[in-house]
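J.: If it helps, the file is called protein_33.txt and holds compact mmCIF, N, CA and C atoms:
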```
# COMPACT_ATOMS: atom_id res chain seq x y z
N MET A 1203 -7.44 -20.10 5.58
CA MET A 1203 -7.45 -19.26 4.40
C MET A 1203 -6.22 -19.61 3.56
N ASN A 1204 -6.44 -19.97 2.32
CA ASN A 1204 -5.36 -20.26 1.39
C ASN A 1204 -5.09 -19.04 0.54
N LEU A 1205 -3.83 -18.66 0.47
CA LEU A 1205 -3.45 -17.50 -0.31
C LEU A 1205 -2.81 -17.94 -1.62
N THR A 1206 -3.12 -17.21 -2.67
CA THR A 1206 -2.46 -17.49 -3.94
C THR A 1206 -1.11 -16.77 -3.97
N ASN A 1207 -0.27 -17.19 -4.88
CA ASN A 1207 1.02 -16.51 -5.03
C ASN A 1207 0.82 -15.04 -5.35
N GLU A 1208 -0.18 -14.74 -6.17
CA GLU A 1208 -0.45 -13.35 -6.54
C GLU A 1208 -0.87 -12.53 -5.32
N GLN A 1209 -1.68 -13.10 -4.44
CA GLN A 1209 -2.10 -12.38 -3.23
C GLN A 1209 -0.91 -12.10 -2.32
N VAL A 1210 -0.04 -13.06 -2.18
CA VAL A 1210 1.14 -12.87 -1.34
C VAL A 1210 2.05 -11.81 -1.95
N GLN A 1211 2.26 -11.89 -3.26
CA GLN A 1211 3.11 -10.92 -3.94
C GLN A 1211 2.51 -9.52 -3.83
N ASN A 1212 1.20 -9.38 -4.04
CA ASN A 1212 0.55 -8.07 -3.91
C ASN A 1212 0.69 -7.52 -2.50
N GLU A 1213 0.56 -8.38 -1.51
CA GLU A 1213 0.70 -7.92 -0.12
C GLU A 1213 2.11 -7.39 0.14
N LEU A 1214 3.11 -8.12 -0.31
CA LEU A 1214 4.49 -7.68 -0.11
C LEU A 1214 4.78 -6.38 -0.86
N LEU A 1215 4.32 -6.29 -2.10
CA LEU A 1215 4.53 -5.07 -2.88
C LEU A 1215 3.78 -3.89 -2.28
N SER A 1216 2.58 -4.14 -1.79
CA SER A 1216 1.80 -3.09 -1.16
C SER A 1216 2.51 -2.55 0.08
N GLN A 1217 3.00 -3.45 0.90
CA GLN A 1217 3.70 -3.04 2.12
C GLN A 1217 4.97 -2.26 1.79
N LYS A 1218 5.73 -2.72 0.80
CA LYS A 1218 6.96 -2.04 0.42
C LYS A 1218 6.66 -0.66 -0.15
N ALA A 1219 5.64 -0.57 -1.00
CA ALA A 1219 5.26 0.72 -1.58
C ALA A 1219 4.84 1.69 -0.47
N HIS A 1220 4.11 1.20 0.52
CA HIS A 1220 3.69 2.03 1.64
C HIS A 1220 4.92 2.52 2.43
N GLU A 1221 5.84 1.61 2.70
CA GLU A 1221 7.05 1.98 3.44
C GLU A 1221 7.85 3.05 2.70
N LEU A 1222 8.02 2.88 1.40
CA LEU A 1222 8.78 3.85 0.61
C LEU A 1222 8.08 5.20 0.57
N THR A 1223 6.77 5.19 0.42
CA THR A 1223 6.01 6.43 0.41
C THR A 1223 6.15 7.16 1.73
N GLN A 1224 6.05 6.43 2.83
CA GLN A 1224 6.19 7.05 4.15
C GLN A 1224 7.60 7.59 4.37
N GLU A 1225 8.59 6.90 3.86
CA GLU A 1225 9.97 7.36 3.99
C GLU A 1225 10.18 8.67 3.22
N LEU A 1226 9.62 8.75 2.02
CA LEU A 1226 9.71 9.98 1.24
C LEU A 1226 9.03 11.14 1.96
N LEU A 1227 7.88 10.87 2.58
CA LEU A 1227 7.17 11.90 3.33
C LEU A 1227 8.00 12.33 4.54
N THR A 1228 8.53 11.39 5.27
CA THR A 1228 9.33 11.69 6.46
C THR A 1228 10.55 12.53 6.12
N LYS A 1229 11.15 12.26 4.98
CA LYS A 1229 12.34 13.02 4.55
C LYS A 1229 11.98 14.36 3.93
N GLY A 1230 10.69 14.64 3.81
CA GLY A 1230 10.26 15.91 3.26
C GLY A 1230 10.37 16.00 1.75
N LEU A 1231 10.48 14.85 1.10
CA LEU A 1231 10.64 14.83 -0.35
C LEU A 1231 9.31 14.89 -1.09
N ILE A 1232 8.23 14.57 -0.39
CA ILE A 1232 6.89 14.68 -0.95
C ILE A 1232 5.97 15.28 0.11
N THR A 1233 4.87 15.84 -0.35
CA THR A 1233 3.90 16.47 0.55
C THR A 1233 2.88 15.44 1.02
N PRO A 1234 2.12 15.76 2.06
CA PRO A 1234 1.06 14.85 2.49
C PRO A 1234 0.03 14.59 1.38
N GLU A 1235 -0.21 15.60 0.56
CA GLU A 1235 -1.17 15.43 -0.54
C GLU A 1235 -0.66 14.41 -1.56
N VAL A 1236 0.62 14.51 -1.90
CA VAL A 1236 1.22 13.55 -2.83
C VAL A 1236 1.24 12.16 -2.19
N THR A 1237 1.51 12.11 -0.90
CA THR A 1237 1.49 10.83 -0.19
C THR A 1237 0.14 10.16 -0.32
N GLN A 1238 -0.92 10.92 -0.13
CA GLN A 1238 -2.27 10.37 -0.21
C GLN A 1238 -2.55 9.84 -1.61
N ARG A 1239 -2.15 10.60 -2.64
CA ARG A 1239 -2.37 10.14 -4.02
C ARG A 1239 -1.56 8.89 -4.31
N LEU A 1240 -0.32 8.84 -3.85
CA LEU A 1240 0.51 7.65 -4.07
C LEU A 1240 -0.09 6.43 -3.38
N GLU A 1241 -0.57 6.61 -2.16
CA GLU A 1241 -1.17 5.50 -1.42
C GLU A 1241 -2.40 4.97 -2.17
N GLN A 1242 -3.20 5.87 -2.71
CA GLN A 1242 -4.38 5.44 -3.47
C GLN A 1242 -3.98 4.66 -4.72
N GLU A 1243 -2.99 5.15 -5.43
CA GLU A 1243 -2.52 4.46 -6.64
C GLU A 1243 -1.88 3.12 -6.29
N ASN A 1244 -1.13 3.08 -5.19
CA ASN A 1244 -0.50 1.83 -4.77
C ASN A 1244 -1.55 0.77 -4.45
N ARG A 1245 -2.65 1.19 -3.81
CA ARG A 1245 -3.70 0.22 -3.48
C ARG A 1245 -4.38 -0.32 -4.73
N LYS A 1246 -4.45 0.53 -5.79
CA LYS A 1246 -5.02 0.06 -7.05
C LYS A 1246 -4.06 -0.92 -7.73
N SER A 1247 -2.77 -0.59 -7.70
CA SER A 1247 -1.77 -1.42 -8.39
C SER A 1247 -1.51 -2.73 -7.67
N PHE A 1248 -1.45 -2.67 -6.35
CA PHE A 1248 -1.14 -3.84 -5.53
C PHE A 1248 -2.20 -3.98 -4.45
N PRO A 1249 -3.38 -4.51 -4.79
CA PRO A 1249 -4.45 -4.59 -3.78
C PRO A 1249 -3.99 -5.41 -2.57
N PRO A 1250 -3.82 -4.75 -1.43
CA PRO A 1250 -3.34 -5.47 -0.25
C PRO A 1250 -4.43 -6.37 0.34
N LEU A 1251 -4.01 -7.48 0.83
CA LEU A 1251 -4.91 -8.44 1.46
C LEU A 1251 -5.60 -7.82 2.67
N LEU A 1252 -4.91 -6.96 3.39
CA LEU A 1252 -5.50 -6.34 4.57
C LEU A 1252 -6.75 -5.53 4.23
N ASN A 1253 -6.84 -5.00 3.00
CA ASN A 1253 -8.05 -4.28 2.61
C ASN A 1253 -9.26 -5.20 2.64
N GLU A 1254 -9.06 -6.46 2.27
CA GLU A 1254 -10.17 -7.41 2.28
C GLU A 1254 -10.52 -7.84 3.70
N LEU A 1255 -9.52 -7.95 4.54
CA LEU A 1255 -9.74 -8.43 5.90
C LEU A 1255 -10.18 -7.31 6.84
N MET A 1256 -9.64 -6.09 6.62
CA MET A 1256 -9.92 -4.98 7.50
C MET A 1256 -10.19 -3.73 6.66
N PRO A 1257 -11.44 -3.50 6.27
CA PRO A 1257 -11.76 -2.37 5.40
C PRO A 1257 -11.30 -1.01 5.94
N GLU A 1258 -11.19 -0.86 7.26
CA GLU A 1258 -10.77 0.42 7.83
C GLU A 1258 -9.31 0.71 7.53
N TYR A 1259 -8.54 -0.28 7.04
CA TYR A 1259 -7.14 -0.10 6.68
C TYR A 1259 -7.00 0.75 5.43
N ARG A 1260 -8.04 0.83 4.62
CA ARG A 1260 -7.99 1.54 3.34
C ARG A 1260 -7.66 2.99 3.49
```
Mind turning this structure into structure tokens?

T.:
Amino acid sequence: MNLTNEQVQNELLSQKAHELTQELLTKGLITPEVTQRLEQENRKSFPPLLNELMPEYR
């Protein structure tokens, strides 16, 4: 499988956005509901490669 630069960049940004969202949730700075909305928006903004490979990751 050959990855484009855009796919690699989206994967890295997606992972970082997920990590930051989880950190905010862990620190109690956002609610689980806000976390879910952020995760949905992050997947739209930075479509992670794992979504294509493993649909259950969505």

J.: Do you have the atom CA of Lys1218 of chain A-atom C of Glu1241 of chain A distance handy?

T.: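 One can read the atom CA of Lys1218 of chain A to atom C of Glu1241 of chain A distance as 12.0 Å.
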
J.: Just give me the gap between atom CA of Phe1248 of chain A and atom C of Leu1215 of chain A in Å, one decimal is fine.

T.: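 Computed distance, atom CA of Phe1248 of chain A to atom C of Leu1215 of chain A, equals 5.9 Å.
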
J.: Excluding same-chain residues fewer than 2 positions from segment 1219-1225 of chain A, what lies within 9 Å of it counting only C-alpha atoms, as a ChimeraX atom specification?

T.: /A:1214-1217,1227-1232,1237,1240-1241,1244,1248

J.: Rounded to one decimal place, report the atom N of Val1210 of chain A-atom C of Val1236 of chain A distance in Å.

T.: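 That distance, rounded to one decimal, is 25.3 Å.
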
J.: Output as number ranges by chain all residues of chain A that backbone DSSP marks as alpha helix (DSSP H).

T.: A: 1207-1228, 1234-1247, 1251-1255
